[in-house]
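K.L.:
Could you have a look at this structure, given as structure tokens, before my questions?
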Amino acid sequence: DVEVLYHNAYTACELHADDSDHKITFFDEEMKRQRLWERKVEDDMERALAAKEFKVYLQPKISASEEKLAGAEALVRWIHPQEGFIPPNKFIPIFESNGFILKLDDYMLEEVARQQAEWIAQERTIVPISVNVSRAHFTREDLAEHICEIVDRYKVPHSCIELELTESAFFDDKKVLLQTVKKLRDNGFLVSMDDFGAGYSSLNSLKELKIDVLKIDADFFRNVEEVERGMLIVSEVIDLAKKLDMKIVAEGIESRDQVDFLVQQECDLIQGYFFAKPMPVEEFVEKYKQ
């Protein structure tokens with residue numbers, strides 16, 4: 001059937017449109033399943049947001065020197081009524097592609113602000129919680145005002161919220177990014193750069209972009225053959241960050257050897273499975289209630 005052949009060929013082209021390694025692409029059933037999944041996600045996303053199926057999970061950030069809770073990162077998980085637990089890699093790339101990530105980010109920021117307000121009302125000791133701000137947001141010049149408006153609905157001190165942006169945002173509209181980050185910091189928010197070293201890292205981004213926290217990408221700790229070189233780079237990045245008056249978070253940490261090395265290098269915070277996986281808010285409260 002010519003129409004089926006055409007749609008299959010078009011699907012193959014679309015799925016590898018941005019992949020320069022695929023000069024020739026052959027359609028297969030996995031592509032069909034992937035396209036059907038994308039359609040299902042897009043059909044369900046608005047309903048899921050309204051029904052609060054997207055849940056906040058918190059992964060602790062532990063003080064390297066004292067091994068005590070010092071912060072957390074808010075991560076999204078989708079609990080679907082039919083599909084059950086859907087991991088983020090199954091829906092985040094789709095949302096980034098279709099623009100729905102803007103609504104999801106706002107939702108996550110509001111949920112974190114609501115939770116912090118609840119803990120403040122209960123007179124709990126709170127720690128800063130970081131929320132991801134996708135690069136797609138940085139096309140709007142009033143982003144800082146927009147973020148303030150969401151958080152201020154709950155009368156939460158801005159210092160309780162840390163805003164994580166990826167280094168890739170630096171390569172879009174740099175002028176808007178620099179203005180937005182300055183406004184956010186002037187308004188008392190902490191700003192961090194996530195996944196430093198994961199892609200096309202540029203020291204220019206550290207020179208021009210004044211931020212509070214630098215997150216070292218976990219890949220530095222994963223390749224056993226290159227671990228010695230990775231540790232050397234981590235050591236130098238930590239030293240550079242401290243000279244620039246930034247805190248360092250090492251993420252993806254999975255062993256005591258890595259923790260001991262980071263403590264020796266005077267890393268500030270450690271995030272990873274060695275201390276804790278991301279967990280539902282209720283579990284986080286129970287684990288760290290003291």
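Naming works like this for the structure tokens: A, B, ... for the chains as they're shown, residue 1 at the start of each chain, ligands 1 onward in shown order.
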Using DSSP secondary structure from the backbone, list all alpha helix (DSSP H) positions within segment 66-228 of chain A, as number ranges by chain.
P.N.:
A: 92-98, 101-121, 143-152, 174-186, 203-208, 227-228
K.L.:
Quick one: everything within 7 Å of Asp105 of chain A, counting only C-alpha atoms, minus sequence neighbours fewer than 3 positions away in the same chain. Send it as a list of chain:residue names.
P.N.:
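So, after excluding close chain neighbours, the residues are A:Ile101, A:Leu102, A:Met108, A:Leu109, A:Asn132, A:Val133.
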K.L.:
Please produce an output containing C-alpha atoms for each residue in the selection, written as a PDB file, in the first residue's frame.
P.N.:
```pdb
ATOM      1  CA  ILE A 101       7.548  21.223  29.019  1.00  0.00           C
ATOM      2  CA  LEU A 102       6.708  24.899  29.698  1.00  0.00           C
ATOM      3  CA  MET A 108       6.575  21.611  39.292  1.00  0.00           C
ATOM      4  CA  LEU A 109       7.642  25.062  40.513  1.00  0.00           C
ATOM      5  CA  ASN A 132      14.550  22.597  36.653  1.00  0.00           C
ATOM      6  CA  VAL A 133      13.925  25.457  34.222  1.00  0.00           C
TER       7      VAL A 133
END
```
K.L.:
So, counting only C-alpha atoms, which residue among A:Arg39, A:Arg135, A:Arg140, A:Arg256 is closest to Ala169 of chain A?
P.N.:
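Of all the options, A:Arg135 lies closest to Ala169 of chain A.
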K.L.:
Got a sec to tell me which of segment 67-250 of chain A DSSP assigns to strand (DSSP E or B), as a PyMOL selection string?
P.N.:
chain A and resi 69-80+84-86+129-132+161-166+190-196+213-216+247-250
K.L.:
Which residues are near segment 61-70 of chain A? Cut-off 7 Å, only C-alpha atoms, ignore same chain within fewer than 6 positions. Put them as a PyMOL selection string.
P.N.:
chain A and resi 127+263+267-271
K.L.:
Go through A:Asp21, A:Lys32, A:Val234, A:Lys103 and flag the residue nearest Glu46 of chain A, using only C-alpha atoms for the distances.
P.N.:
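When distances to Glu46 of chain A are compared using only C-alpha atoms, the smallest one comes from A:Lys103.
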K.L.:
List the neighbours of Ala50 of chain A out to 12 Å using only C-alpha atoms; skip same-chain residues closer than 5 positions along the sequence, and give me the result as a count of residues only.
P.N.:
5
K.L.:
Might you pull out every residue within 7 Å of Val281 of chain A, with only C-alpha atoms counted and same-chain residues fewer than 5 positions away left off, and present them as a JSON list (two decimals) with N, CA, C and O atoms, in the first residue's frame?
P.N.:
```json
[["chain", "number", "residue", "atom", "x", "y", "z"],
["A", 56, "VAL", "N", 5.86, 15.08, 42.35],
["A", 56, "VAL", "CA", 7.17, 15.57, 42.75],
["A", 56, "VAL", "C", 7.89, 14.49, 43.54],
["A", 56, "VAL", "O", 7.37, 14.00, 44.55],
["A", 57, "TYR", "N", 9.06, 14.10, 43.08],
["A", 57, "TYR", "CA", 9.97, 13.24, 43.84],
["A", 57, "TYR", "C", 11.15, 14.11, 44.24],
["A", 57, "TYR", "O", 11.58, 14.98, 43.47],
["A", 58, "LEU", "N", 11.69, 13.88, 45.41],
["A", 58, "LEU", "CA", 12.82, 14.66, 45.90],
["A", 58, "LEU", "C", 14.05, 13.77, 46.07],
["A", 58, "LEU", "O", 13.97, 12.71, 46.68]]
```
K.L.:
Within 12 Å of segment 171-185 of chain A, counting only C-alpha atoms, which residues qualify if same-chain residues fewer than 5 places away don't, as a VMD selection string?
P.N.:
chain A and resid 133 to 149 151 158 to 159 161 to 166 190 to 193 199 to 202 204 to 213
K.L.:
Tell me which of A:Pro128, A:Pro93, A:Gly188, A:Pro157 sits closest to Gln59 of chain A, counting only C-alpha atoms.
P.N.:
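Of all the options, A:Pro128 lies closest to Gln59 of chain A.
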K.L.:
Could you give me, as a list in words, the residues within 12 Å of Val4 of chain A, counting only C-alpha atoms and dropping anything in the same chain fewer than 5 positions from it?
P.N.:
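Listing them by chain and then by number gives Ala9, Tyr10, Thr11, Phe27 and Lys32 of chain A.
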K.L.:
Take the residues from that selection and put them in a file with all heavy atoms, as an mmCIF file, in the first residue's frame.
P.N.:
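Contents of the output file part27.cif:
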```cif
data_model
loop_
_atom_site.group_PDB
_atom_site.id
_atom_site.type_symbol
_atom_site.label_atom_id
_atom_site.label_comp_id
_atom_site.auth_asym_id
_atom_site.auth_seq_id
_atom_site.Cartn_x
_atom_site.Cartn_y
_atom_site.Cartn_z
ATOM 1 N N ALA A 9 8.015 5.606 5.716
ATOM 2 C CA ALA A 9 9.247 6.302 5.323
ATOM 3 C C ALA A 9 9.343 7.668 6.011
ATOM 4 O O ALA A 9 10.407 8.075 6.483
ATOM 5 C CB ALA A 9 9.294 6.468 3.807
ATOM 6 N N TYR A 10 8.192 8.350 6.083
ATOM 7 C CA TYR A 10 8.162 9.668 6.718
ATOM 8 C C TYR A 10 8.485 9.560 8.209
ATOM 9 O O TYR A 10 9.223 10.387 8.762
ATOM 10 C CB TYR A 10 6.777 10.295 6.516
ATOM 11 C CG TYR A 10 6.716 11.753 6.901
ATOM 12 C CD1 TYR A 10 7.294 12.725 6.088
ATOM 13 C CD2 TYR A 10 6.096 12.154 8.076
ATOM 14 C CE1 TYR A 10 7.247 14.063 6.426
ATOM 15 C CE2 TYR A 10 6.048 13.492 8.440
ATOM 16 C CZ TYR A 10 6.618 14.442 7.608
ATOM 17 O OH TYR A 10 6.570 15.760 7.957
ATOM 18 N N THR A 11 7.967 8.518 8.859
ATOM 19 C CA THR A 11 8.250 8.276 10.278
ATOM 20 C C THR A 11 9.746 8.077 10.498
ATOM 21 O O THR A 11 10.343 8.647 11.413
ATOM 22 C CB THR A 11 7.479 7.037 10.778
ATOM 23 O OG1 THR A 11 6.083 7.304 10.721
ATOM 24 C CG2 THR A 11 7.861 6.692 12.210
ATOM 25 N N PHE A 27 12.906 1.920 8.133
ATOM 26 C CA PHE A 27 11.752 1.827 9.030
ATOM 27 C C PHE A 27 11.687 0.433 9.656
ATOM 28 O O PHE A 27 11.981 -0.571 9.003
ATOM 29 C CB PHE A 27 10.464 2.091 8.247
ATOM 30 C CG PHE A 27 9.222 1.859 9.061
ATOM 31 C CD1 PHE A 27 8.754 2.843 9.919
ATOM 32 C CD2 PHE A 27 8.543 0.651 8.990
ATOM 33 C CE1 PHE A 27 7.617 2.633 10.685
ATOM 34 C CE2 PHE A 27 7.411 0.438 9.752
ATOM 35 C CZ PHE A 27 6.938 1.425 10.602
ATOM 36 N N LYS A 32 7.443 2.368 14.752
ATOM 37 C CA LYS A 32 5.982 2.448 14.789
ATOM 38 C C LYS A 32 5.499 2.502 16.238
ATOM 39 O O LYS A 32 4.633 3.315 16.592
ATOM 40 C CB LYS A 32 5.383 1.238 14.077
ATOM 41 C CG LYS A 32 3.869 1.281 13.935
ATOM 42 C CD LYS A 32 3.386 0.083 13.130
ATOM 43 C CE LYS A 32 1.875 0.088 12.990
ATOM 44 N NZ LYS A 32 1.386 -1.065 12.188
#
```
K.L.:
Pick out the closest residue to Phe275 of chain A from this set: A:Lys243, A:Lys52, A:His80, A:Lys287. Count only C-alpha atoms.
P.N.:
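Counting only C-alpha atoms, the residue closest to Phe275 of chain A is A:Lys287.
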K.L.:
Go through A:Lys23, A:Arg114, A:Arg35, A:Lys215 one by one, measure the shortest atom-to-atom distance of each to Ala250 of chain A using only C-alpha atoms, and give the residue with the smallest value.
P.N.:
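So, comparing all the options, the nearest one is A:Lys215.
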